[in-house]
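Student: Following this line is data-v2.cif, made up of mmCIF, C-alpha atoms:
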data_target
loop_
_atom_site.label_atom_id
_atom_site.label_comp_id
_atom_site.auth_asym_id
_atom_site.auth_seq_id
_atom_site.Cartn_x
_atom_site.Cartn_y
_atom_site.Cartn_z
CA VAL A 1 -4.14 1.20 -17.44
CA ARG A 2 -2.92 -0.44 -20.67
CA THR A 3 -4.73 -3.61 -19.61
CA LEU A 4 -8.00 -1.70 -19.26
CA VAL A 5 -7.52 0.12 -22.58
CA ALA A 6 -6.97 -3.23 -24.31
CA LEU A 7 -10.08 -4.68 -22.67
CA ARG A 8 -12.19 -1.78 -23.89
CA SER A 9 -11.03 -2.53 -27.42
CA GLY A 10 -12.03 -6.17 -27.06
CA LYS A 11 -8.60 -7.64 -26.27
CA HIS A 12 -7.51 -9.62 -23.22
CA VAL A 13 -3.81 -9.29 -22.40
CA THR A 14 -4.23 -11.17 -19.13
CA ASP A 15 -6.85 -13.07 -17.17
CA VAL A 16 -5.92 -12.10 -13.60
CA LEU A 17 -4.65 -8.85 -12.13
CA THR A 18 -3.26 -8.06 -8.68
CA GLY A 19 -1.84 -4.98 -7.00
CA LEU A 20 -4.20 -2.47 -8.60
CA SER A 21 -2.74 0.22 -6.28
CA GLY A 22 -5.46 2.81 -6.65
CA ALA A 23 -6.79 1.85 -10.09
CA TYR A 24 -9.63 -0.38 -8.87
CA PHE A 25 -12.27 2.32 -9.30
CA MET A 26 -11.46 2.61 -13.02
CA TYR A 27 -12.07 -1.10 -13.56
CA LYS A 28 -15.29 -0.97 -11.59
CA GLU A 29 -16.59 2.00 -13.55
CA ALA A 30 -15.81 0.13 -16.77
CA ASN A 31 -17.75 -2.96 -15.57
CA ALA A 32 -14.57 -4.93 -16.31
CA LEU A 33 -14.48 -7.42 -13.42
CA GLU A 34 -15.85 -10.92 -12.85
CA ASP A 35 -17.80 -11.89 -9.72
CA LEU A 36 -15.55 -14.06 -7.53
CA ARG A 37 -18.06 -15.13 -4.89
CA ASN A 38 -18.45 -18.66 -6.28
CA ILE A 39 -14.79 -19.48 -5.58
CA PRO A 40 -14.88 -22.17 -2.82
CA THR A 41 -12.24 -20.56 -0.56
CA TRP A 42 -13.93 -17.14 -0.74
CA ASN A 43 -15.18 -17.52 2.85
CA ASN A 44 -11.64 -17.91 4.19
CA ASN A 45 -11.28 -14.14 3.93
CA PRO A 46 -12.79 -11.87 6.62
CA PRO A 47 -15.46 -9.47 5.30
CA GLU A 48 -13.19 -6.41 5.24
CA THR A 49 -10.73 -8.20 2.93
CA LYS A 50 -13.13 -8.84 0.05
CA ASP A 51 -15.69 -6.89 -1.94
CA SER A 52 -19.32 -7.28 -0.92
CA ASP A 53 -20.20 -7.43 -4.64
CA GLY A 54 -17.52 -10.03 -5.33
CA LEU A 55 -15.36 -7.87 -7.61
CA TRP A 56 -12.08 -8.27 -5.68
CA VAL A 57 -10.63 -10.48 -2.99
CA GLY A 58 -7.56 -9.91 -0.85
CA GLN A 59 -4.37 -11.76 -1.72
CA ASP A 60 -2.39 -10.48 1.26
CA LEU A 61 -2.22 -7.63 3.75
CA ARG A 62 0.27 -4.81 3.29
CA TYR A 63 1.35 -2.32 5.90
CA TRP A 64 2.92 0.81 4.43
CA CYS A 65 5.40 2.40 6.78
CA MET A 66 8.71 4.23 6.62
CA SER A 67 12.15 2.72 6.10
CA TYR A 68 15.29 4.25 7.58
CA ASN A 69 19.02 3.77 7.35
CA THR A 70 20.16 2.22 10.64
CA ARG A 71 23.68 3.62 10.28
CA LYS A 72 22.48 7.20 10.10
CA VAL A 73 19.30 7.44 12.23
CA LYS A 74 19.01 7.22 16.02
CA ASN A 75 15.97 5.73 17.75
CA GLU A 76 15.05 9.06 19.35
CA ASP A 77 14.50 10.60 15.91
CA LEU A 78 12.04 7.95 14.73
CA PRO A 79 8.44 9.25 14.46
CA LYS A 80 5.80 7.59 16.63
CA LYS A 81 2.96 9.53 15.01
CA TRP A 82 2.84 11.03 11.53
CA GLU A 83 2.77 14.47 13.13
CA ASP A 84 6.24 13.78 14.57
CA LEU A 85 7.65 13.53 11.07
CA VAL A 86 6.77 17.13 10.22
CA SER A 87 7.63 18.60 13.63
CA ASN A 88 11.12 17.08 13.99
CA PRO A 89 13.80 19.21 12.22
CA PHE A 90 15.94 16.09 11.78
CA TRP A 91 13.94 15.01 8.72
CA ARG A 92 14.06 18.34 6.91
CA ASN A 93 15.97 19.60 3.88
CA GLY A 94 16.33 16.39 1.92
CA ASN A 95 16.87 13.87 4.72
CA LEU A 96 13.53 12.28 3.80
CA GLY A 97 12.74 10.76 0.42
CA ILE A 98 9.13 10.31 -0.71
CA GLY A 99 7.78 8.42 -3.69
CA ASN A 100 5.01 9.58 -5.96
CA ARG A 101 2.56 7.00 -4.57
CA PRO A 102 0.02 8.80 -2.32
CA GLN A 103 -2.55 6.02 -2.86
CA LEU A 104 -0.34 3.65 -0.85
CA TRP A 105 -0.42 5.63 2.41
CA VAL A 106 -1.98 9.11 2.29
CA LEU A 107 -5.30 7.74 1.04
CA MET A 108 -5.70 5.72 4.24
CA LEU A 109 -4.68 8.65 6.44
CA TRP A 110 -7.28 10.85 4.70
CA SER A 111 -9.95 8.19 5.28
CA THR A 112 -9.08 7.86 8.99
CA LYS A 113 -7.93 11.35 9.98
CA GLY A 114 -10.13 13.39 7.67
CA GLU A 115 -9.58 15.92 4.90
CA SER A 116 -8.61 18.89 7.10
CA TRP A 117 -5.89 16.96 8.96
CA THR A 118 -4.50 15.49 5.74
CA ARG A 119 -4.32 18.83 3.97
CA ASP A 120 -2.51 20.39 6.91
CA PHE A 121 -0.10 17.44 7.16
CA LEU A 122 0.77 17.47 3.46
CA MET A 123 1.25 21.24 3.41
CA LYS A 124 3.76 20.94 6.25
CA LEU A 125 5.40 17.90 4.67
CA PHE A 126 6.10 19.64 1.36
CA ASN A 127 6.64 23.21 2.58
CA ASP A 128 8.46 22.68 5.89
CA VAL A 129 10.13 19.27 5.66
CA LYS A 130 11.03 19.73 1.97
CA PRO A 131 11.62 16.03 1.20
CA GLN A 132 13.38 14.70 -1.85
CA ARG A 133 10.64 14.03 -4.41
CA ARG A 134 11.69 10.77 -6.01
CA LYS A 135 10.40 9.52 -9.35
CA GLU A 136 11.59 5.94 -8.79
CA GLY A 137 9.34 3.08 -7.73
CA THR A 138 9.11 2.02 -4.08
CA ASN A 139 11.65 -0.80 -4.44
CA ALA A 140 14.25 1.50 -6.01
CA ILE A 141 13.62 4.14 -3.34
CA LEU A 142 14.30 1.53 -0.67
CA GLU A 143 17.62 0.70 -2.34
CA LEU A 144 18.54 4.40 -2.37
CA ASN A 145 17.67 4.65 1.32
CA ILE A 146 20.00 1.73 2.04
CA ALA A 147 22.74 3.43 0.01
CA GLY A 148 22.39 6.61 2.11
CA GLU A 149 20.90 8.86 -0.59
CA PHE A 150 18.46 9.97 2.12
CA LEU A 151 17.97 8.87 5.73
CA GLY A 152 14.34 7.74 5.60
CA ALA A 153 11.86 6.83 2.85
CA ILE A 154 8.07 6.78 2.44
CA PRO A 155 6.21 4.65 1.54
CA ALA A 156 7.97 1.40 2.44
CA ALA A 157 6.38 -2.05 2.28
CA THR A 158 7.11 -4.13 5.37
CA TYR A 159 7.88 -7.32 3.46
CA ARG A 160 10.43 -5.60 1.20
CA VAL A 161 12.23 -3.99 4.13
CA LYS A 162 12.29 -7.35 5.91
CA GLN A 163 13.87 -9.04 2.90
CA LYS A 164 16.65 -6.43 2.77
CA ALA A 165 17.22 -6.41 6.54
CA ASP A 166 17.44 -10.21 6.62
CA ALA A 167 20.06 -10.01 3.86
CA GLY A 168 22.19 -7.75 6.05
CA ALA A 169 21.37 -4.33 4.61
CA PRO A 170 21.56 -1.36 7.05
CA VAL A 171 17.82 -0.74 6.99
CA SER A 172 14.85 -1.17 9.30
CA LEU A 173 11.24 -0.12 9.63
CA VAL A 174 9.33 2.44 11.65
CA CYS A 175 5.54 2.60 11.53
CA PRO A 176 4.03 5.92 12.63
CA GLU A 177 0.44 5.62 13.84
CA PRO A 178 -2.06 5.11 12.44
CA ILE A 179 -0.33 2.56 10.22
CA PRO A 180 -1.67 2.59 6.63
CA LEU A 181 -2.98 -0.90 5.89
CA MET A 182 -4.33 -2.22 2.63
CA VAL A 183 -5.41 -5.42 0.98
CA ASN A 184 -3.51 -6.42 -2.14
CA GLU A 185 -6.38 -7.37 -4.41
CA TRP A 186 -6.97 -10.20 -6.84
CA VAL A 187 -9.39 -9.53 -9.71
CA ILE A 188 -10.37 -11.49 -12.81
CA LEU A 189 -11.11 -9.54 -15.96
CA LYS A 190 -14.62 -9.98 -17.29
CA GLY A 191 -14.80 -12.49 -20.09
CA ALA A 192 -11.31 -13.82 -19.38
CA PRO A 193 -10.40 -16.57 -21.92
CA ASN A 194 -9.09 -18.83 -19.13
CA LEU A 195 -11.81 -18.11 -16.59
CA ASN A 196 -11.91 -21.53 -14.91
CA ALA A 197 -8.12 -21.72 -14.64
CA SER A 198 -8.14 -18.23 -13.09
CA ARG A 199 -10.68 -19.28 -10.49
CA LEU A 200 -8.67 -22.42 -9.67
CA MET A 201 -5.50 -20.36 -9.15
CA ILE A 202 -7.17 -17.84 -6.83
CA ASN A 203 -8.96 -20.66 -5.01
CA TRP A 204 -5.58 -22.21 -4.11
CA LEU A 205 -3.96 -18.87 -3.21
CA LEU A 206 -6.77 -18.19 -0.71
CA SER A 207 -6.33 -21.60 0.95
CA LYS A 208 -4.13 -22.08 4.03
CA GLU A 209 -1.51 -23.79 1.90
CA GLY A 210 -1.52 -21.00 -0.65
CA GLN A 211 -1.36 -18.27 1.97
CA ILE A 212 1.53 -19.93 3.83
CA SER A 213 3.37 -20.44 0.53
CA GLN A 214 3.11 -16.72 -0.26
CA PHE A 215 4.46 -15.86 3.18
CA ALA A 216 7.34 -18.31 2.78
CA ALA A 217 8.18 -16.93 -0.66
CA GLU A 218 8.08 -13.18 0.03
CA ASN A 219 6.86 -12.44 3.57
CA ALA A 220 3.36 -11.71 2.24
CA ILE A 221 1.07 -11.31 5.27
CA PRO A 222 -1.88 -13.76 5.09
CA VAL A 223 -5.47 -12.56 4.91
CA HIS A 224 -6.84 -16.01 5.82
CA LYS A 225 -9.05 -15.76 8.92
CA ASP A 226 -7.11 -18.54 10.72
CA LEU A 227 -3.64 -17.13 9.94
CA ARG A 228 -3.95 -13.63 11.42
CA LEU A 229 -1.06 -14.29 13.80
CA LYS A 230 1.98 -12.23 14.76
CA GLU A 231 4.21 -15.04 13.47
CA PHE A 232 3.12 -14.07 9.95
CA VAL A 233 3.85 -10.33 10.36
CA PRO A 234 7.29 -8.93 9.48
CA PHE A 235 8.56 -6.65 12.29
CA PRO A 236 5.71 -7.66 14.66
CA ASP A 237 7.18 -5.54 17.48
CA LYS A 238 6.74 -2.45 15.29
CA ILE A 239 3.22 -3.27 14.06
CA VAL A 240 1.16 -5.60 16.26
CA GLY A 241 -1.11 -3.74 18.68
CA LYS A 242 -0.85 -0.37 16.96
CA GLU A 243 -3.68 1.68 15.48
CA THR A 244 -4.19 1.12 11.75
CA ALA A 245 -5.77 3.09 8.91
CA PHE A 246 -7.39 0.61 6.54
CA ARG A 247 -7.88 1.20 2.82
CA ASP A 248 -11.04 -0.32 1.46
CA PRO A 249 -10.91 0.00 -2.35
CA LYS A 250 -14.40 1.51 -2.17
CA ILE A 251 -13.03 4.72 -0.63
CA GLU A 252 -10.99 5.35 -3.75
CA VAL A 253 -14.06 6.53 -5.65
CA GLU A 254 -14.82 9.22 -3.07
CA ILE A 255 -11.40 10.33 -1.84
CA GLN A 256 -8.87 9.59 -4.56
CA PRO A 257 -9.81 12.38 -7.02
CA LYS A 258 -9.49 15.05 -4.31
CA LEU A 259 -6.28 13.56 -2.99
CA VAL A 260 -4.69 13.37 -6.45
CA LYS A 261 -5.49 17.02 -7.14
CA LEU A 262 -3.98 18.19 -3.85
CA TRP A 263 -0.97 15.88 -4.06
CA TYR A 264 0.09 16.92 -7.57
CA GLU A 265 -0.30 20.59 -6.81
CA LEU A 266 2.11 20.13 -3.91
CA TRP A 267 4.36 17.72 -5.81
CA ALA A 268 4.74 20.12 -8.71
CA GLY A 269 4.85 23.19 -6.47
CA ARG A 270 2.04 24.90 -8.38
CA PRO A 271 -1.71 24.51 -9.05
CA GLY A 272 -2.90 22.34 -11.93
CA LYS A 273 -2.27 18.80 -13.15
#
Just give me the structure of the file as structure tokens.
Tutor:
Amino acid sequence: VRTLVALRSGKHVTDVLTGLSGAYFMYKEANALEDLRNIPTWNNNPPETKDSDGLWVGQDLRYWCMSYNTRKVKNEDLPKKWEDLVSNPFWRNGNLGIGNRPQLWVLMLWSTKGESWTRDFLMKLFNDVKPQRRKEGTNAILELNIAGEFLGAIPAATYRVKQKADAGAPVSLVCPEPIPLMVNEWVILKGAPNLNASRLMINWLLSKEGQISQFAAENAIPVHKDLRLKEFVPFPDKIVGKETAFRDPKIEVEIQPKLVKLWYELWAGRPGK
């Protein structure tokens, strides 16, 4: 948001942004983004992983699931569907921690399952399950889950959980269906001082070499059309072949305002902002 405020006042604090996480619609409304369609590797991305108007392009794919402490949770208590999470008493009364990031998972469920289902699910989640409402970011919440502060945590990024599990932490991943799936976007701010350099950087990151480098560095799942393979998916046995709920940034304009209103009423336990 500070980046956009600066841009409106005629200042560029950066050329390139990624991980807008629900703020894309604000940049679009402000006419603040460059057209990326003349980047040579643009066509490496499948159509659903880039904007038809050229305003964003996918850097990587991100599945948002649920982490759990492997020392404290049995396989029979892991939810297969999101409905299982609110019907199983095991997760109630503080055993589940949730972050204040509905745009990372609930937005996709709303788009796929509809408004009525999502409202019913969230009402049961807050009123029946009574999760711990955590103010920390998703990475800190994952650390707290590993420490045993709560038994499971939502939302959890697959690549982060994989990094911790590979390091020996007592944590793993469960992905209730449909699995929320999003594209981590690249955008260039309109009038960026280093426009050509920005295009060169994104051009390389969308190439096979760039995509494989991101996977090697942080388990970032490639969006490249030739690299959509299970070998590039963390926890493939928990993800590949399952139903997904995809977040196109375009749905933010329609759904996000209604979701935010509902979410914060439930988060705060009262109507209003």
Student: The PyMOL selection byres ((chain A and resi 195-204) around 8) - which residues does that actually catch in the file I just gave you? List them as a CSV table (one decimal) with C-alpha atoms, in the coordinates of the input.
Tutor:
chain,number,residue,atom,x,y,z
A,15,ASP,CA,-6.8,-13.1,-17.2
A,16,VAL,CA,-5.9,-12.1,-13.6
A,36,LEU,CA,-15.6,-14.1,-7.5
A,39,ILE,CA,-14.8,-19.5,-5.6
A,40,PRO,CA,-14.9,-22.2,-2.8
A,41,THR,CA,-12.2,-20.6,-0.6
A,42,TRP,CA,-13.9,-17.1,-0.7
A,186,TRP,CA,-7.0,-10.2,-6.8
A,188,ILE,CA,-10.4,-11.5,-12.8
A,191,GLY,CA,-14.8,-12.5,-20.1
A,192,ALA,CA,-11.3,-13.8,-19.4
A,193,PRO,CA,-10.4,-16.6,-21.9
A,194,ASN,CA,-9.1,-18.8,-19.1
A,205,LEU,CA,-4.0,-18.9,-3.2
A,206,LEU,CA,-6.8,-18.2,-0.7
A,207,SER,CA,-6.3,-21.6,1.0
A,209,GLU,CA,-1.5,-23.8,1.9
A,210,GLY,CA,-1.5,-21.0,-0.6
Student: Give me the result of the PyMOL selection byres ((chain A and resi 126) around 12) on this file, residue by residue, as a compact mmCIF listing (two decimals) with C-alpha atoms, in the coordinates of the input.
Tutor:
# COMPACT_ATOMS: atom_id res chain seq x y z
CA LEU A 85 7.65 13.53 11.07
CA VAL A 86 6.77 17.13 10.22
CA TRP A 91 13.94 15.01 8.72
CA ARG A 92 14.06 18.34 6.91
CA ASN A 93 15.97 19.60 3.88
CA GLY A 94 16.33 16.39 1.92
CA LEU A 96 13.53 12.28 3.80
CA GLY A 97 12.74 10.76 0.42
CA ILE A 98 9.13 10.31 -0.71
CA ARG A 119 -4.32 18.83 3.97
CA ASP A 120 -2.51 20.39 6.91
CA PHE A 121 -0.10 17.44 7.16
CA LEU A 122 0.77 17.47 3.46
CA MET A 123 1.25 21.24 3.41
CA LYS A 124 3.76 20.94 6.25
CA LEU A 125 5.40 17.90 4.67
CA ASN A 127 6.64 23.21 2.58
CA ASP A 128 8.46 22.68 5.89
CA VAL A 129 10.13 19.27 5.66
CA LYS A 130 11.03 19.73 1.97
CA PRO A 131 11.62 16.03 1.20
CA GLN A 132 13.38 14.70 -1.85
CA ARG A 133 10.64 14.03 -4.41
CA LEU A 262 -3.98 18.19 -3.85
CA TRP A 263 -0.97 15.88 -4.06
CA TYR A 264 0.09 16.92 -7.57
CA GLU A 265 -0.30 20.59 -6.81
CA LEU A 266 2.11 20.13 -3.91
CA TRP A 267 4.36 17.72 -5.81
CA ALA A 268 4.74 20.12 -8.71
CA GLY A 269 4.85 23.19 -6.47
CA ARG A 270 2.04 24.90 -8.38
Student: Distance CA of Asn88 (chain A)-CA of Ala153 (chain A), one decimal place?
Tutor: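 Here the two named atoms are 15.2 Å from each other.
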Student: Here's the selection I'm unsure about, the PyMOL selection byres ((chain A and resi 242) around 10); applied to the file above, which residues does it give, as JSON, numbers by chain?
Tutor: {"A": [175, 176, 177, 178, 179, 237, 238, 239, 240, 241, 243, 244]}
Student: Measure the distance from CA of Leu181 (chain A) to CA of Asp248 (chain A) in Å and round it to one decimal.
Tutor: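 One can read the CA of Leu181 (chain A) to CA of Asp248 (chain A) distance as 9.2 Å.
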Student: To one decimal place in Å, what is the distance between CA of Leu173 (chain A) and CA of Ser67 (chain A)?
Tutor: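 Pair CA of Leu173 (chain A) / CA of Ser67 (chain A) returns 4.6 Å.
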Student: Could you give me, as a PyMOL selection string, the residues within 8 Å of region 155-171 of chain A, counting all atoms listed in the file and dropping anything in the same chain fewer than 5 positions from it?
Tutor: chain A and resi 62-71+98-99+101+104-105+138-139+142+145-146+218-220+234-235
Student: Which of these, A:Thr118, A:Thr3, A:Ser87, A:Ser52, has the shortest distance to Lys250 (chain A) once you count only C-alpha atoms?
Tutor: A:Ser52
Student: Rank A:Val187, A:Leu151, A:Leu55, A:Ala245 by their smallest atom-to-atom distance to Lys72 (chain A), using all atoms listed in the file, and report the top residue only.
Tutor: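 Among A:Val187, A:Leu151, A:Leu55, A:Ala245, it is A:Leu151 that comes nearest to Lys72 (chain A).
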Student: Using all atoms listed in the file for the distances, tell me which of A:Asn44, A:Asn31, A:Lys81, A:Gly114 is nearest to Asp226 (chain A).
Tutor: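 Closest residue, counting all atoms listed in the file: A:Asn44.
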Student: Output region 4-33 of chain A with N, CA and C atoms present, as a JSON list (two decimals), keeping the file's coordinate frame.
Tutor:
[["chain", "number", "residue", "atom", "x", "y", "z"],
["A", 4, "LEU", "N", -6.61, -2.16, -19.16],
["A", 4, "LEU", "CA", -8.00, -1.70, -19.26],
["A", 4, "LEU", "C", -8.29, -1.14, -20.66],
["A", 5, "VAL", "N", -7.35, -0.41, -21.22],
["A", 5, "VAL", "CA", -7.52, 0.12, -22.58],
["A", 5, "VAL", "C", -7.68, -1.02, -23.57],
["A", 6, "ALA", "N", -6.86, -2.07, -23.42],
["A", 6, "ALA", "CA", -6.97, -3.23, -24.31],
["A", 6, "ALA", "C", -8.32, -3.90, -24.16],
["A", 7, "LEU", "N", -8.79, -4.02, -22.92],
["A", 7, "LEU", "CA", -10.08, -4.68, -22.67],
["A", 7, "LEU", "C", -11.22, -3.92, -23.33],
["A", 8, "ARG", "N", -11.14, -2.59, -23.27],
["A", 8, "ARG", "CA", -12.19, -1.78, -23.89],
["A", 8, "ARG", "C", -12.22, -1.95, -25.41],
["A", 9, "SER", "N", -11.08, -2.32, -25.97],
["A", 9, "SER", "CA", -11.03, -2.53, -27.42],
["A", 9, "SER", "C", -11.26, -3.99, -27.79],
["A", 10, "GLY", "N", -11.68, -4.79, -26.80],
["A", 10, "GLY", "CA", -12.03, -6.17, -27.06],
["A", 10, "GLY", "C", -10.89, -7.15, -26.98],
["A", 11, "LYS", "N", -9.76, -6.76, -26.37],
["A", 11, "LYS", "CA", -8.60, -7.64, -26.27],
["A", 11, "LYS", "C", -8.29, -7.96, -24.82],
["A", 12, "HIS", "N", -7.95, -9.20, -24.55],
["A", 12, "HIS", "CA", -7.51, -9.62, -23.22],
["A", 12, "HIS", "C", -6.00, -9.85, -23.26],
["A", 13, "VAL", "N", -5.26, -9.08, -22.49],
["A", 13, "VAL", "CA", -3.81, -9.29, -22.40],
["A", 13, "VAL", "C", -3.45, -10.11, -21.17],
["A", 14, "THR", "N", -4.41, -10.32, -20.30],
["A", 14, "THR", "CA", -4.23, -11.17, -19.13],
["A", 14, "THR", "C", -5.59, -11.60, -18.62],
["A", 15, "ASP", "N", -5.61, -12.62, -17.79],
["A", 15, "ASP", "CA", -6.85, -13.07, -17.17],
["A", 15, "ASP", "C", -7.01, -12.50, -15.77],
["A", 16, "VAL", "N", -5.90, -12.47, -15.02],
["A", 16, "VAL", "CA", -5.92, -12.10, -13.60],
["A", 16, "VAL", "C", -5.01, -10.90, -13.38],
["A", 17, "LEU", "N", -5.45, -10.01, -12.52],
["A", 17, "LEU", "CA", -4.65, -8.85, -12.13],
["A", 17, "LEU", "C", -4.54, -8.82, -10.61],
["A", 18, "THR", "N", -3.43, -8.31, -10.11],
["A", 18, "THR", "CA", -3.26, -8.06, -8.68],
["A", 18, "THR", "C", -2.49, -6.77, -8.50],
["A", 19, "GLY", "N", -2.57, -6.21, -7.28],
["A", 19, "GLY", "CA", -1.84, -4.98, -7.00],
["A", 19, "GLY", "C", -2.35, -3.81, -7.81],
["A", 20, "LEU", "N", -3.65, -3.56, -7.80],
["A", 20, "LEU", "CA", -4.20, -2.47, -8.60],
["A", 20, "LEU", "C", -3.75, -1.09, -8.11],
["A", 21, "SER", "N", -3.39, -0.99, -6.81],
["A", 21, "SER", "CA", -2.74, 0.22, -6.28],
["A", 21, "SER", "C", -3.45, 1.52, -6.65],
["A", 22, "GLY", "N", -4.74, 1.57, -6.43],
["A", 22, "GLY", "CA", -5.46, 2.81, -6.65],
["A", 22, "GLY", "C", -6.23, 2.87, -7.95],
["A", 23, "ALA", "N", -6.10, 1.84, -8.80],
["A", 23, "ALA", "CA", -6.79, 1.85, -10.09],
["A", 23, "ALA", "C", -8.08, 1.05, -10.09],
["A", 24, "TYR", "N", -8.45, 0.47, -8.94],
["A", 24, "TYR", "CA", -9.63, -0.38, -8.87],
["A", 24, "TYR", "C", -10.88, 0.34, -9.37],
["A", 25, "PHE", "N", -11.03, 1.60, -8.98],
["A", 25, "PHE", "CA", -12.27, 2.32, -9.30],
["A", 25, "PHE", "C", -12.45, 2.44, -10.82],
["A", 26, "MET", "N", -11.35, 2.51, -11.57],
["A", 26, "MET", "CA", -11.46, 2.61, -13.02],
["A", 26, "MET", "C", -12.02, 1.32, -13.62],
["A", 27, "TYR", "N", -11.58, 0.18, -13.08],
["A", 27, "TYR", "CA", -12.07, -1.10, -13.56],
["A", 27, "TYR", "C", -13.54, -1.31, -13.18],
["A", 28, "LYS", "N", -13.90, -0.84, -12.00],
["A", 28, "LYS", "CA", -15.29, -0.97, -11.59],
["A", 28, "LYS", "C", -16.20, -0.12, -12.46],
["A", 29, "GLU", "N", -15.78, 1.11, -12.71],
["A", 29, "GLU", "CA", -16.59, 2.00, -13.55],
["A", 29, "GLU", "C", -16.76, 1.45, -14.96],
["A", 30, "ALA", "N", -15.75, 0.71, -15.42],
["A", 30, "ALA", "CA", -15.81, 0.13, -16.77],
["A", 30, "ALA", "C", -16.54, -1.20, -16.81],
["A", 31, "ASN", "N", -17.06, -1.67, -15.65],
["A", 31, "ASN", "CA", -17.75, -2.96, -15.57],
["A", 31, "ASN", "C", -16.86, -4.06, -16.13],
["A", 32, "ALA", "N", -15.58, -4.07, -15.70],
["A", 32, "ALA", "CA", -14.57, -4.93, -16.31],
["A", 32, "ALA", "C", -14.19, -6.13, -15.46],
["A", 33, "LEU", "N", -14.92, -6.39, -14.35],
["A", 33, "LEU", "CA", -14.48, -7.42, -13.42],
["A", 33, "LEU", "C", -15.52, -8.53, -13.24]]
